[in-house]
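First the structure, in the form of structure tokens, and then the observations on it.
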Amino acid sequence: MSQPVSLTFPDGSVRSFAAGTTGRDVAESISKSLVKKAVAIAIDGTVRDLSDPVTDGKIEIITRSDDRALELIRHDTAHVLAEAVQELWPGTQVTIGPVIENGFYYDFAKNEPFTPDDLPVIEKRMREIILRNKPFTKEIWSREKAKEVFAAKGENYKVELVDAIPAGQDLKIYYQGDWFDLCRGPHMASTGQIGNAFKLMKVAGAYWRGDSNNPMLTRIYGTAFAEQADLDNYLHILAEAEKRDHRRLGREMDLFHFQEEGPGVVFWHGKGWRMFQTLVSYMRRRLQGDYQEVNAPQVLDKSLWETSGHWGWYRDNMFKVTVAGDDTDDDRVFALKPMNCPGHIQIFKHGLKSYRELPIRLAEFGAVHRYEPSGALHGLMRVRGFTQDDAHIFCTDEQMAAECLKINDLILSVYEDFGFKEIVVKLSTRPEKRVGSDALWDRAESVMMDVLKTIEAQSGGRIKTGILPGEGAFYGPKFEYTLKDAIGREWQCGTTQVDFNLPERFGAFYIDQHSEKTQPVMIHRAICGSMERFLGILIENFAGHMPLWVSPLQVVVATITSEADAYGEEVAEALRDAGLDVETDFRNEKINYKIREHSVTKVPVIIVCGKKEAEERSVNIRRLGSQSQTSMSLDEAIASLTLEATPPDVLRKREARRNKAA
């Protein structure tokens with residue numbers, strides 16, 4: 001006789017059920033209303049079909065309001081998409097349809113590719129299928145049966161997928177009514193549980209299995225949510241993101257461009273380069289007094305990268321060059337640096353270091369190059385050549401916690417200066433493949449866990465924290481800093497990483513208080529990460545309406561009539577003397593035309609001068625995005641704009657000096 005199943009519920013209670021009891025049975029035993037809401041179960045955290053027999057462990061009944069249901073909703077919607085396509089275009093082959101971030105896609109083999117005009121037709125049929133509310137049911141087929149059935153249907157891609165499934169794994173077939181598909185599952189109870197909060201987004205080409213030697217398929221992307229409000233919010237964010245696209249704004253603001261002869265590298269224009277240098281200057285000021293700014297070579301012999309381990313781990317992503325000597329034996333292989341850390345450890349090793357000198361903090365705005373796939377390149381957000389605001393701290397084990405907290409304070413302060421208030425800090429712990437002893441990992445993770453608790457406590461709960469199990473670097477645990485922008489998107493930027501690997505590989509040491517050679521703790525840290533990417537984030541966050549202290553062009557002085565040109569030039573010179581970036585517009589054009597034109601290029605302040613302003617020595621200030629103007633004296637305008645254009649870190653120092661003097 002089969003043993004009963006023991007289930008532990010979220011409230012801690014334990015109940016026994018007969019062998020063969022399904023998740024649906026368990027839900028029904030709790031309440032009739034729960035079984036109506038249930039879409040799946042989780043046993044010891046693993047999501048399963050509601051119709052699966054339960055096994056010993058901790059059980060949770062998953063409803064549509066559970067966060068874990070979202071993946072099921074999207075997975076089921078992909079299946080309904082495939083059914084709708086085959087109903088509308090018989091003979092179309094379905095291939096794979098996974099859930100992805102923010103939605104799903106399905107790839108189809110069809111003689112004539114789909115077009116955007118097909119999407120509303122498909123959506124309509126999908127809604128009809130959902131209304132049928134057919135149950136999802138699962139069957140386990142033999143490999144032979146699966147191949148025979150799919151071959152008979154002309155589903156050659158499915159036959160290939162069956163062959164790719166490892167021997168010994170069950171072949172699961174999920175039905176929704178009469179339509180079925182090969183799938184690992186799980187699924188919800190029926191198509192009706194999907195709801196109507198879904199939308200097909202776009203069509204694209206995709207090679208079968210991502211290989212350009214294979215046939216081209218048509219990919220249909222979609223998204224789905226549990227509630228219509230969530231879908232509406234997502235679509236709103238997408239619309240906002242399109243308006244804020246830094247590539248479009250970069251053209252409008254004349255900041256940068258990309259071209260085929262330099263794939264993945266930025267051609268900075270004058271205004272864009274000024275903005276970039278403003279960001280670098282700000283970061284450089286934030287490091288003064290704590291860090292030594294250094295500069296390591298761009299090109300290094302491959303032997304150094306072999307020692308660091310990058311040649312084995314990262315070689316395919318490195319730009320390499322072979323230099324031929326006078327003799328073929330003298331040929332040498334060099335690489336453009338993809339990161340700054342090996343160079344910094346060479347600088348640390350140059351000369352004997354004492355424990356009294358630690359911590360030693362080395363910073364570099366280092367240009368690095370990485371060979372990213374062409375399909376992954378995306379404006380400033382993903383490039384092949386970029387600048388890291390990189391730093392490495394060499395310290396003792398006892399100093400590690402204090403250094404991590406010091407880095408945290410700096411990172412949070414920088415983000416706040418740019419207006420980012422919602423920050424999440426997560427600790428990534430040891431991965432399965434790693435270097436270093438368990439004792440070293442235990443020590444580092446213990447220290448960083450304490451630091452994480454301190455970060456949350458000091459912020460009063462304002463900074464959210466979390467754990468990413470197994471997501472650490474192979475050489476040590478790390479903190480990841482994620483910020484949320486103006487439209488709710490999350491961007492992972494800053495990192496703090498403890499490294500056991502490089503100091504050991506390169507034989508780095510300092511002389512401790514007992515005159516012994518001791519390996520230092522090496523902490524990698526970045527705040528912006530890629531300066532190019534961070535600038536792209538800023539452009540999109542502010543929708544091009546940059547704060548005055550960041551904007552590459554801060555003021556345009558425009559005149560209404562030529563009689564005011566001389567006064568306009570005087571105003572411009574006074575503003576330049578005060579340190580502002582100013583241009584003039586004395587063209588023989590109507591003032592409204594000038595304002596519209598400069599608004600398109602996102603000039604934050606337009607100062608309008610006419611005959612009256614010249615006589616009164618006043619100005620009219622027009623702000624980007626505003627229809628109104630503010631009149632004030634020239635002196636007031638200079639004082640106000642100069643204050644606004646002063647970086648926040650400089651203002652803090654001034655305030656500190658005033659407080660000290662008082």
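Quick note on naming: the chains in the structure tokens go A, B, ... in the order shown, residues restart at 1 in each chain, and ligands are numbered from 1 in order of appearance.
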### Message
Can you pull out every residue from segment 497-558 of chain A that DSSP, working from the backbone, puts in helix (DSSP H, G or I), and format the result as a list in words?
### Response
Asn501, Leu502, Pro503, Glu504, Arg505, Met531, Glu532, Arg533, Phe534, Leu535, Gly536, Ile537, Leu538, Ile539, Glu540 and Asn541 of chain A
### Task
Find the spatial neighbours of Asn340 of chain A, counting only C-alpha atoms, within a cut-off of 10 Å - ignore same-chain residues fewer than 3 positions away - and output them as a count of residues only.
20
Sort by chain and increasing residue number a table of all residues of segment 181-266 of chain A within 9 Å of segment 145-163 of chain A, each with its closest pair of atoms and their distance in Å to one decimal, counting only C-alpha atoms, and write it as CSV.
residue,atom,partner,partner_atom,distance
A:Asp181,CA,A:Lys158,CA,8.8
A:Leu182,CA,A:Lys158,CA,7.5
A:Trp208,CA,A:Tyr157,CA,8.9
### Query
So which bits of segment 355-591 of chain A end up strand (DSSP E) when you DSSP the backbone, as a ChimeraX atom specification?
/A:360-369,385-395,423-428,464-468,478-484,490-499,510-511,517-518,521-530,555-559,582-585
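Comparing the minimum interatomic distances between Leu502 of chain A and each of A:Leu643, A:Leu377, A:Ile43, A:Leu304, counting only C-alpha atoms, we find that A:Leu304 sits nearest.
For the atom pair formed by atom CA of Gly494 of chain A and atom CA of Lys478 of chain A, the distance is 10.3 Å, given to one decimal.
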Dump as CSV the rows for residues of segment 207-228 of chain A within 10 Å of segment 81-86 of chain A: closest atom pair and distance in Å with one decimal, only C-alpha atoms counted, ordered by chain and rising residue number.
residue,atom,partner,partner_atom,distance
A:Ile220,CA,A:Leu81,CA,8.9
A:Tyr221,CA,A:Leu81,CA,9.9
A:Gly222,CA,A:Leu81,CA,9.0
### Task
Just the residues within 7 Å of Ile62 of chain A, please, counting only C-alpha atoms, with nothing from its chain fewer than 6 positions along; format it as an MDAnalysis selection string.
chainID A and resid 38:41 69
Take the residues from that selection and put them in a file with C-alpha atoms, as a tab-separated table (two decimals), in the first residue's frame.
chain	number	residue	atom	x	y	z
A	38	ALA	CA	-5.71	28.32	-8.06
A	39	VAL	CA	-3.59	28.11	-11.23
A	40	ALA	CA	-0.67	25.93	-10.05
A	41	ILE	CA	1.13	24.59	-6.99
A	69	ALA	CA	1.82	33.18	-11.91
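With atom CA of Arg143 of chain A on one side and atom CA of Asp178 of chain A on the other, the separation reads 20.4 Å.
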### Gap from atom CA of Val557 of chain A to atom CA of Val608 of chain A - Å, one decimal
6.1 Å
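Nearest-residue note for Leu440 of chain A: choosing from A:Asn501, A:Thr278, A:Asn317, A:Thr559, the minimum distance belongs to A:Asn501, counting only C-alpha atoms.
Close contacts of segment 254-262 of chain A, defined as residues with an atom at most 8 Å away when counting only C-alpha atoms, with chain neighbours fewer than 5 positions off set aside, comprise Phe267, Trp268, His269, Gly270, Lys271, Gly272, Trp273, Gly379 and Thr601 of chain A.
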Same residues, C-alpha atoms, saved as an mmCIF file, in the first residue's frame:
data_model
loop_
_atom_site.group_PDB
_atom_site.id
_atom_site.type_symbol
_atom_site.label_atom_id
_atom_site.label_comp_id
_atom_site.auth_asym_id
_atom_site.auth_seq_id
_atom_site.Cartn_x
_atom_site.Cartn_y
_atom_site.Cartn_z
ATOM 1 C CA PHE A 267 31.806 59.409 -32.469
ATOM 2 C CA TRP A 268 31.425 62.187 -29.901
ATOM 3 C CA HIS A 269 30.346 65.608 -31.160
ATOM 4 C CA GLY A 270 31.323 68.807 -29.382
ATOM 5 C CA LYS A 271 28.269 69.048 -27.123
ATOM 6 C CA GLY A 272 28.285 65.369 -26.289
ATOM 7 C CA TRP A 273 31.973 65.417 -25.427
ATOM 8 C CA GLY A 379 23.739 52.952 -28.782
ATOM 9 C CA THR A 601 17.701 70.560 -29.213
#
### Message
Using only C-alpha atoms, which protein or nucleic acid residues come within 12 Å of Glu573 of chain A? Drop anything in the same chain fewer than 6 positions from it, and give the result as a PyMOL selection string.
### Response
chain A and resi 555-557+566-567+579-584+634+638
Requested write-out: N, CA and C atoms of the selected residues, as a PDB file, in the first residue's frame:
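Ended up saving to out_14.pdb:
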ATOM      1  N   VAL A 555      22.699  77.840 -21.880  1.00  0.00           N
ATOM      2  CA  VAL A 555      21.867  79.017 -22.159  1.00  0.00           C
ATOM      3  C   VAL A 555      22.031  79.445 -23.616  1.00  0.00           C
ATOM      4  N   VAL A 556      20.918  79.808 -24.226  1.00  0.00           N
ATOM      5  CA  VAL A 556      20.946  80.516 -25.508  1.00  0.00           C
ATOM      6  C   VAL A 556      20.339  81.896 -25.276  1.00  0.00           C
ATOM      7  N   VAL A 557      21.068  82.916 -25.679  1.00  0.00           N
ATOM      8  CA  VAL A 557      20.557  84.285 -25.611  1.00  0.00           C
ATOM      9  C   VAL A 557      20.003  84.634 -26.986  1.00  0.00           C
ATOM     10  N   ALA A 566      23.294  94.157 -29.415  1.00  0.00           N
ATOM     11  CA  ALA A 566      24.449  94.585 -28.620  1.00  0.00           C
ATOM     12  C   ALA A 566      24.241  94.233 -27.151  1.00  0.00           C
ATOM     13  N   TYR A 567      23.028  94.460 -26.661  1.00  0.00           N
ATOM     14  CA  TYR A 567      22.730  94.105 -25.272  1.00  0.00           C
ATOM     15  C   TYR A 567      22.759  92.579 -25.102  1.00  0.00           C
ATOM     16  N   GLY A 579      30.912  81.586 -15.873  1.00  0.00           N
ATOM     17  CA  GLY A 579      31.219  80.168 -16.010  1.00  0.00           C
ATOM     18  C   GLY A 579      30.182  79.337 -16.728  1.00  0.00           C
ATOM     19  N   LEU A 580      29.180  79.948 -17.342  1.00  0.00           N
ATOM     20  CA  LEU A 580      28.127  79.214 -18.031  1.00  0.00           C
ATOM     21  C   LEU A 580      28.471  78.997 -19.502  1.00  0.00           C
ATOM     22  N   ASP A 581      27.968  77.882 -20.072  1.00  0.00           N
ATOM     23  CA  ASP A 581      28.116  77.614 -21.504  1.00  0.00           C
ATOM     24  C   ASP A 581      26.974  78.310 -22.236  1.00  0.00           C
ATOM     25  N   VAL A 582      27.312  79.264 -23.085  1.00  0.00           N
ATOM     26  CA  VAL A 582      26.302  80.140 -23.681  1.00  0.00           C
ATOM     27  C   VAL A 582      26.525  80.270 -25.181  1.00  0.00           C
ATOM     28  N   GLU A 583      25.425  80.269 -25.929  1.00  0.00           N
ATOM     29  CA  GLU A 583      25.455  80.621 -27.343  1.00  0.00           C
ATOM     30  C   GLU A 583      24.448  81.732 -27.580  1.00  0.00           C
ATOM     31  N   THR A 584      24.603  82.426 -28.700  1.00  0.00           N
ATOM     32  CA  THR A 584      23.678  83.517 -29.034  1.00  0.00           C
ATOM     33  C   THR A 584      22.929  83.197 -30.321  1.00  0.00           C
ATOM     34  N   LEU A 634      19.310  91.544 -14.919  1.00  0.00           N
ATOM     35  CA  LEU A 634      20.438  90.777 -15.416  1.00  0.00           C
ATOM     36  C   LEU A 634      21.261  90.215 -14.266  1.00  0.00           C
ATOM     37  N   ILE A 638      22.006  86.254 -13.540  1.00  0.00           N
ATOM     38  CA  ILE A 638      23.350  85.681 -13.473  1.00  0.00           C
ATOM     39  C   ILE A 638      23.541  84.926 -12.161  1.00  0.00           C
TER      40      ILE A 638
END
### Message
Could you list, as a list of chain:residue names, every residue within 8 Å of Gly205 of chain A, counting only C-alpha atoms and ignoring same-chain residues fewer than 6 positions away?
### Response
A:Met216, A:Leu217, A:Thr218, A:Arg219
Quick one: write out the picked residues with N, CA and C atoms as a PDB file, in the first residue's frame?
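Once written, selection-v7.pdb looks like this:
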ATOM      1  N   MET A 216      15.496  30.971 -42.140  1.00  0.00           N
ATOM      2  CA  MET A 216      14.967  32.145 -41.443  1.00  0.00           C
ATOM      3  C   MET A 216      13.504  31.893 -41.081  1.00  0.00           C
ATOM      4  N   LEU A 217      13.169  32.118 -39.816  1.00  0.00           N
ATOM      5  CA  LEU A 217      11.807  31.978 -39.321  1.00  0.00           C
ATOM      6  C   LEU A 217      11.228  33.357 -39.048  1.00  0.00           C
ATOM      7  N   THR A 218       9.929  33.400 -38.777  1.00  0.00           N
ATOM      8  CA  THR A 218       9.300  34.651 -38.364  1.00  0.00           C
ATOM      9  C   THR A 218       9.006  34.571 -36.873  1.00  0.00           C
ATOM     10  N   ARG A 219       9.457  35.553 -36.141  1.00  0.00           N
ATOM     11  CA  ARG A 219       9.251  35.607 -34.688  1.00  0.00           C
ATOM     12  C   ARG A 219       8.181  36.643 -34.366  1.00  0.00           C
TER      13      ARG A 219
END
### Query
Smallest atom-to-atom distance to Met546 of chain A: which of A:Met400, A:Met283, A:Val203, A:Leu249, using only C-alpha atoms?
A:Leu249
If we count only C-alpha atoms, what is near Asp485 of chain A at a cut-off of 9 Å, once residues fewer than 5 positions away on the same chain are taken out, given as a PDB file with N, CA and C atoms, in the first residue's frame?
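Done, and the output landed in result28.pdb:
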ATOM      1  N   GLY A 419      19.837  62.561  -8.912  1.00  0.00           N
ATOM      2  CA  GLY A 419      18.393  62.495  -8.712  1.00  0.00           C
ATOM      3  C   GLY A 419      17.821  61.105  -8.570  1.00  0.00           C
ATOM      4  N   PHE A 420      18.680  60.088  -8.452  1.00  0.00           N
ATOM      5  CA  PHE A 420      18.178  58.721  -8.308  1.00  0.00           C
ATOM      6  C   PHE A 420      17.987  58.412  -6.828  1.00  0.00           C
ATOM      7  N   LYS A 421      16.743  58.204  -6.431  1.00  0.00           N
ATOM      8  CA  LYS A 421      16.409  57.987  -5.025  1.00  0.00           C
ATOM      9  C   LYS A 421      16.144  56.522  -4.699  1.00  0.00           C
ATOM     10  N   GLU A 422      15.586  55.791  -5.672  1.00  0.00           N
ATOM     11  CA  GLU A 422      15.216  54.392  -5.422  1.00  0.00           C
ATOM     12  C   GLU A 422      16.359  53.477  -5.842  1.00  0.00           C
ATOM     13  N   GLU A 490      14.662  49.687 -14.278  1.00  0.00           N
ATOM     14  CA  GLU A 490      15.787  49.426 -13.396  1.00  0.00           C
ATOM     15  C   GLU A 490      17.068  49.260 -14.207  1.00  0.00           C
ATOM     16  N   TRP A 491      18.143  49.862 -13.690  1.00  0.00           N
ATOM     17  CA  TRP A 491      19.444  49.802 -14.352  1.00  0.00           C
ATOM     18  C   TRP A 491      20.486  49.357 -13.337  1.00  0.00           C
ATOM     19  N   ILE A 537      21.862  56.482 -19.769  1.00  0.00           N
ATOM     20  CA  ILE A 537      20.808  56.375 -18.754  1.00  0.00           C
ATOM     21  C   ILE A 537      20.337  57.757 -18.328  1.00  0.00           C
ATOM     22  N   LEU A 538      21.282  58.677 -18.108  1.00  0.00           N
ATOM     23  CA  LEU A 538      20.920  60.043 -17.708  1.00  0.00           C
ATOM     24  C   LEU A 538      20.072  60.723 -18.779  1.00  0.00           C
ATOM     25  N   GLU A 540      18.119  59.394 -20.987  1.00  0.00           N
ATOM     26  CA  GLU A 540      16.774  58.823 -21.022  1.00  0.00           C
ATOM     27  C   GLU A 540      16.001  59.157 -19.750  1.00  0.00           C
ATOM     28  N   ASN A 541      16.674  59.157 -18.617  1.00  0.00           N
ATOM     29  CA  ASN A 541      16.000  59.489 -17.360  1.00  0.00           C
ATOM     30  C   ASN A 541      15.416  60.897 -17.399  1.00  0.00           C
ATOM     31  N   PHE A 542      16.189  61.835 -17.911  1.00  0.00           N
ATOM     32  CA  PHE A 542      15.749  63.233 -17.968  1.00  0.00           C
ATOM     33  C   PHE A 542      15.053  63.576 -19.279  1.00  0.00           C
TER      34      PHE A 542
END
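With only C-alpha atoms as the atoms that count, the minimum distance from Tyr510 of chain A to the choices A:Arg576, A:Lys202, A:His350, A:Arg587 is reached by A:His350.
Between Pro547 of chain A and the residues A:Phe418, A:Trp179, A:Phe586, A:Tyr106, the shortest atom-to-atom distance, using only C-alpha atoms, involves A:Phe418.
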